[in-house]
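Trainee: Questions regarding the structure given below will be posed in turn.
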Amino acid sequence: MNEARELVRSALDDPGMLDPVADEDDLSDAGVASAELLRLGLACEDRLGRAITADELDRLVSIAAVQVLLDGDRGPQP
Amino acid sequence: MDQARDPAMLARGLGAFVPMPSDIAAYEVDAMAGAAILGATPKQVEALADAGLPHVADTDRGPLFDAADLINAGWHCGSGRTVPELFRRYMTLFVQEPPHRWFATARWRLTVGPLTGTAAPAQVVEPCAGVRVVSEDMVGDERRLVVDVTGEPSALTDPSVRAVWEEVLDGFASGAVAFQRVGERFHADHRRAWALGAADCFVTTMVLADRLAAIGRRLRPRRGQLLGFAGSVHMWGELEVEGGAVAVLDPLIAHLARTVAPPSPDFAEVCFGGRHNRLLPMTVPAHVPTSLMARHINSHAVARP
């Protein structure tokens with residue numbers, strides 16, 4: 001989950017605000033601004049190397065959800 | 001040079017939009033604040049002054065710009081990485097989804113902060129066709145709702161309304177009008193904005209209402225939320241049709257559906273009389289500024305078809 005947390009942190013104006021946020025917490029409720037969420041979308045695309053879909057965007061509500069997106073592109077783990 | 005650090009990155013957007021007229025512009029955003037809004041660097045924002053974007057020079061703060069102008073510069077600069085560009089791209093992704101996803105019931109979570117006074121209004125969503133409030137709670141000064149929204153394909157076939165509709169959309173297709181951020185003070189004079197070539201959802205809906213009124217049809221402007229990750233305050237119109245029913249006319253999203261890559265002409269047709277499951281009419285009082293709604297309303301999907 002560290003990978004997703006660092007990715008979310010990279011999209012924030014104040015990365016420290018993520019420290020008390022749990023992996024399953026809603027990012028909007030935690031105070032992540034809409035512009036920061038947009039940058040998170042771009043950060044995910046940069047990491048995945050492809051554009052993300054509307055459905056994937058709709059699911060980006062928490063650090064855990066970001067990790068699911070990143071893991072999904074890697075396929076089954078050995 | 002890395003585009004993200006190219007001082008001229010934002011300046012490439014100039015000429016592609018209509019700056020706010022100086023009599024209603026508010027030159028109050030400095031380079032530091034502008035950089036935060038756009039996801040750019042202060043140097044890139046400052047370069048807009050030399051490139052000709054209207055501004056005033058402040059001896060302490062440097063060039064001061066109108067917020068809408070800055071957003072439009074970012075929107076049109078072509079980097080693909082500014083916050084306005086991301087907003088526009090993400091906002092329209094859903095029109096490229098399979099049609100069944102536009103109509104089947106979707107469940108959304110909506111958070112509404114203080115819009116009037118110190119807390120969220122008592123009522124923000126009025127149950128109506130296609131909209132069901134599942135739950136509603138106050139948490140601190142925020143109202144948190146879960147709503148189900150169900151879409152419906154268009155059944156509107158009125159040729160006189162269609163002619164007016166196409167006339168308005170041709171304003172975009174012909175290049176006479178560009179979709180851009182339009183400052184709130186510009187909303188008060190939508191005819192002037194349209195004549196100058198600047199239109200957003202508010203301006204486009206009001207121009208459509210004017211032209212429908214000229215043929216004796218009433219279009220009721222509705223303000224609400226385009227739901228989703230890149231949700232936003234949105235305006236569309238409700239046309240009175242036979243039997244007391246209403247048909248939703250959403251000209252701006254129709255224009256975007258026709259011009260996004262790849263285009264979605266089928267979704268553009270939904271905008272002519274149909275409803276999709278991301279459109280939420282709200283009962284926020286008319287005097288509440290759109291900017292306040294944009295700041296205090298968030299939404300995301302709970303369950304999508």
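Convention: chains lettered A, B, ... in structure tokens order; per-chain residue numbering from 1; ligands numbered from 1 as shown.
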Taking a cut-off of 8 Å and counting only C-alpha atoms, can you build a table that, for each residue of chain B near chain A, reports the nearest atom pair and how far apart they are in Å (one decimal), sorted by chain then residue number, as a Markdown table?

Mentor:
```
| residue | atom | partner | partner_atom | distance |
| --- | --- | --- | --- | --- |
| B:Ile37 | CA | A:Ala35 | CA | 7.7 |
| B:Arg81 | CA | A:Leu42 | CA | 7.4 |
| B:Val83 | CA | A:Ala35 | CA | 6.3 |
| B:Leu86 | CA | A:Leu38 | CA | 6.2 |
| B:Phe87 | CA | A:Leu38 | CA | 6.6 |
| B:Tyr90 | CA | A:Ala54 | CA | 7.2 |
| B:Leu93 | CA | A:Ala54 | CA | 5.3 |
| B:Phe94 | CA | A:Ala54 | CA | 5.4 |
| B:Glu97 | CA | A:Ala54 | CA | 7.5 |
| B:Gly228 | CA | A:Asp58 | CA | 6.3 |
| B:Phe229 | CA | A:Asp58 | CA | 5.3 |
| B:Ala230 | CA | A:Leu38 | CA | 7.2 |
| B:Asn298 | CA | A:Ser28 | CA | 7.5 |
| B:His300 | CA | A:Asp58 | CA | 6.4 |
| B:Ala301 | CA | A:Asp58 | CA | 5.7 |
```

Trainee: Within 10 Å of Ala22 of chain A, counting only C-alpha atoms, which residues qualify if same-chain residues fewer than 3 places away don't, as a JSON list (two decimals) with C-alpha atoms, in the first residue's frame?

Mentor:
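Result saved to result.json:
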```
[["chain", "number", "residue", "atom", "x", "y", "z"],
["A", 5, "ARG", "CA", 0.20, 6.25, -0.53],
["A", 18, "LEU", "CA", -2.05, 12.41, 4.34],
["A", 19, "ASP", "CA", -0.29, 11.14, 7.48],
["A", 25, "ASP", "CA", -10.58, 6.61, 4.19],
["A", 26, "ASP", "CA", -12.41, 8.70, 1.62],
["A", 27, "LEU", "CA", -9.88, 11.17, 0.22],
["A", 30, "ALA", "CA", -10.07, 13.74, 4.42],
["A", 62, "SER", "CA", -9.10, 6.10, -1.35],
["A", 63, "ILE", "CA", -5.47, 5.07, -1.07],
["A", 64, "ALA", "CA", -6.61, 1.43, -1.12]]
```

Trainee: Out of segment 21-254 of chain B, which residues get strand (DSSP E) from DSSP, as a ChimeraX atom specification?

Mentor: /B:27-29,56-58,62-66,106-112,131-139,142-149,178-179,198-199,219-226,232-240,246-249

Trainee: Given only C-alpha atoms as the basis, pick out the residue of B:Leu64, B:Ala26, B:Val168, B:Leu219 nearest to Trp194 of chain B.

Mentor: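 Using only C-alpha atoms, Trp194 of chain B sits closest to B:Val168.
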
Trainee: Please provide as a VMD selection string all residues within 8 Å of Val302 of chain B, with the sequence filter that same-chain residues fewer than 4 positions apart are discarded (counting only C-alpha atoms).

Mentor: chain B and resid 106 to 109

Trainee: For those residues, write C-alpha atoms to a file as a short mmCIF file (atom, residue, chain, number, x, y, z; two decimals), in the first residue's frame.

Mentor:
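File produced: out-v2.cif:
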```
data_model
loop_
_atom_site.label_atom_id
_atom_site.label_comp_id
_atom_site.auth_asym_id
_atom_site.auth_seq_id
_atom_site.Cartn_x
_atom_site.Cartn_y
_atom_site.Cartn_z
CA ALA B 106 -26.10 4.70 -10.48
CA ARG B 107 -25.59 5.47 -6.82
CA TRP B 108 -23.65 8.60 -5.93
CA ARG B 109 -22.36 10.12 -2.73
#
```

Trainee: If you run DSSP on the backbone here, which positions in chain A get alpha helix (DSSP H)? Please write them as a ChimeraX atom specification.

Mentor: /A:2-10,34-48,54-58,63-72

Trainee: Deliver the residues from the most recent selection as a file, using N, CA and C atoms, as a compact mmCIF listing (two decimals), in the first residue's frame.

Mentor:
```
# COMPACT_ATOMS: atom_id res chain seq x y z
N ASN A 2 2.18 1.08 0.33
CA ASN A 2 3.05 2.25 0.35
C ASN A 2 3.15 2.93 -1.00
N GLU A 3 3.13 2.11 -2.06
CA GLU A 3 3.23 2.67 -3.40
C GLU A 3 2.07 3.63 -3.68
N ALA A 4 0.86 3.21 -3.36
CA ALA A 4 -0.31 4.05 -3.59
C ALA A 4 -0.26 5.29 -2.70
N ARG A 5 0.13 5.11 -1.46
CA ARG A 5 0.20 6.25 -0.53
C ARG A 5 1.19 7.29 -1.04
N GLU A 6 2.33 6.84 -1.53
CA GLU A 6 3.31 7.80 -2.05
C GLU A 6 2.81 8.48 -3.31
N LEU A 7 2.06 7.75 -4.11
CA LEU A 7 1.51 8.35 -5.33
C LEU A 7 0.48 9.43 -4.98
N VAL A 8 -0.37 9.12 -4.01
CA VAL A 8 -1.35 10.13 -3.58
C VAL A 8 -0.62 11.33 -2.99
N ARG A 9 0.38 11.05 -2.19
CA ARG A 9 1.15 12.13 -1.57
C ARG A 9 1.75 13.06 -2.63
N SER A 10 2.19 12.49 -3.73
CA SER A 10 2.84 13.29 -4.78
C SER A 10 1.87 14.26 -5.45
N SER A 34 -10.34 19.02 -5.02
CA SER A 34 -10.65 18.46 -6.34
C SER A 34 -9.47 18.58 -7.30
N ALA A 35 -8.72 19.68 -7.22
CA ALA A 35 -7.57 19.83 -8.12
C ALA A 35 -6.51 18.78 -7.80
N GLU A 36 -6.38 18.45 -6.52
CA GLU A 36 -5.41 17.42 -6.13
C GLU A 36 -5.86 16.04 -6.63
N LEU A 37 -7.17 15.80 -6.61
CA LEU A 37 -7.68 14.53 -7.15
C LEU A 37 -7.39 14.42 -8.64
N LEU A 38 -7.54 15.55 -9.35
CA LEU A 38 -7.23 15.52 -10.78
C LEU A 38 -5.76 15.19 -11.01
N ARG A 39 -4.90 15.78 -10.19
CA ARG A 39 -3.46 15.48 -10.33
C ARG A 39 -3.17 14.03 -9.96
N LEU A 40 -3.96 13.49 -9.03
CA LEU A 40 -3.82 12.07 -8.70
C LEU A 40 -4.15 11.21 -9.92
N GLY A 41 -5.21 11.60 -10.63
CA GLY A 41 -5.55 10.86 -11.86
C GLY A 41 -4.38 10.85 -12.83
N LEU A 42 -3.75 12.01 -13.00
CA LEU A 42 -2.60 12.10 -13.91
C LEU A 42 -1.43 11.27 -13.39
N ALA A 43 -1.20 11.32 -12.08
CA ALA A 43 -0.10 10.54 -11.50
C ALA A 43 -0.32 9.04 -11.74
N CYS A 44 -1.56 8.60 -11.62
CA CYS A 44 -1.88 7.19 -11.89
C CYS A 44 -1.61 6.86 -13.35
N GLU A 45 -2.02 7.76 -14.24
CA GLU A 45 -1.78 7.51 -15.67
C GLU A 45 -0.28 7.44 -15.97
N ASP A 46 0.49 8.34 -15.36
CA ASP A 46 1.94 8.33 -15.56
C ASP A 46 2.53 7.00 -15.08
N ARG A 47 2.04 6.52 -13.93
CA ARG A 47 2.57 5.28 -13.37
C ARG A 47 2.18 4.07 -14.23
N LEU A 48 0.92 4.10 -14.72
CA LEU A 48 0.44 2.97 -15.51
C LEU A 48 0.93 3.02 -16.95
N ALA A 54 -13.23 6.19 -17.46
CA ALA A 54 -14.20 6.83 -16.57
C ALA A 54 -14.49 5.94 -15.36
N ASP A 55 -14.61 4.66 -15.61
CA ASP A 55 -14.91 3.72 -14.52
C ASP A 55 -13.77 3.69 -13.51
N GLU A 56 -12.55 3.67 -14.00
CA GLU A 56 -11.40 3.66 -13.10
C GLU A 56 -11.32 4.96 -12.31
N LEU A 57 -11.60 6.07 -12.97
CA LEU A 57 -11.61 7.35 -12.26
C LEU A 57 -12.61 7.35 -11.13
N ASP A 58 -13.80 6.83 -11.44
CA ASP A 58 -14.87 6.83 -10.43
C ASP A 58 -14.50 6.03 -9.19
N ILE A 63 -6.80 5.60 -0.80
CA ILE A 63 -5.47 5.07 -1.07
C ILE A 63 -5.58 3.60 -1.48
N ALA A 64 -6.43 2.85 -0.79
CA ALA A 64 -6.61 1.43 -1.12
C ALA A 64 -7.10 1.27 -2.54
N ALA A 65 -8.01 2.17 -2.97
CA ALA A 65 -8.53 2.07 -4.34
C ALA A 65 -7.44 2.36 -5.37
N VAL A 66 -6.55 3.28 -5.04
CA VAL A 66 -5.43 3.56 -5.94
C VAL A 66 -4.56 2.32 -6.07
N GLN A 67 -4.33 1.62 -4.94
CA GLN A 67 -3.49 0.42 -5.00
C GLN A 67 -4.14 -0.66 -5.86
N VAL A 68 -5.48 -0.79 -5.74
CA VAL A 68 -6.19 -1.77 -6.57
C VAL A 68 -5.98 -1.45 -8.05
N LEU A 69 -6.05 -0.17 -8.39
CA LEU A 69 -5.84 0.22 -9.80
C LEU A 69 -4.43 -0.16 -10.26
N LEU A 70 -3.45 0.17 -9.43
CA LEU A 70 -2.06 -0.12 -9.81
C LEU A 70 -1.83 -1.62 -9.93
N ASP A 71 -2.36 -2.38 -8.97
CA ASP A 71 -2.18 -3.83 -8.98
C ASP A 71 -2.90 -4.47 -10.16
N GLY A 72 -4.03 -3.90 -10.52
CA GLY A 72 -4.84 -4.48 -11.60
C GLY A 72 -4.10 -4.56 -12.90
```

Trainee: Rounded to one decimal place, report the atom CA of Asp266 of chain B-atom CA of Pro98 of chain B distance in Å.

Mentor: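 Result for atom CA of Asp266 of chain B versus atom CA of Pro98 of chain B: 10.0 Å, one decimal.
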
Trainee: Of the candidates B:Pro114, B:Arg223, B:His276, B:Cys128, which one gets nearest to Leu292 of chain B if we count only C-alpha atoms?

Mentor: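 The shortest atom-to-atom distance to Leu292 of chain B comes from B:Pro114.
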
Trainee: Please measure the separation of atom CA of Glu24 of chain A and atom CA of Ser135 of chain B, giving the value in Å to one decimal.

Mentor: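 Those two atoms sit 21.2 Å apart.
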
Trainee: Here is a test: counting only C-alpha atoms, which residue of B:Gly273, B:Gly231, B:Pro54, B:Gly74 is nearest to Pro19 of chain B?

Mentor: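 Under the stated criterion, the closest residue is B:Pro54.
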
Trainee: In Å, how far is it from atom CA of Phe17 of chain B to atom CA of Trp75 of chain B?

Mentor: 9.3 Å
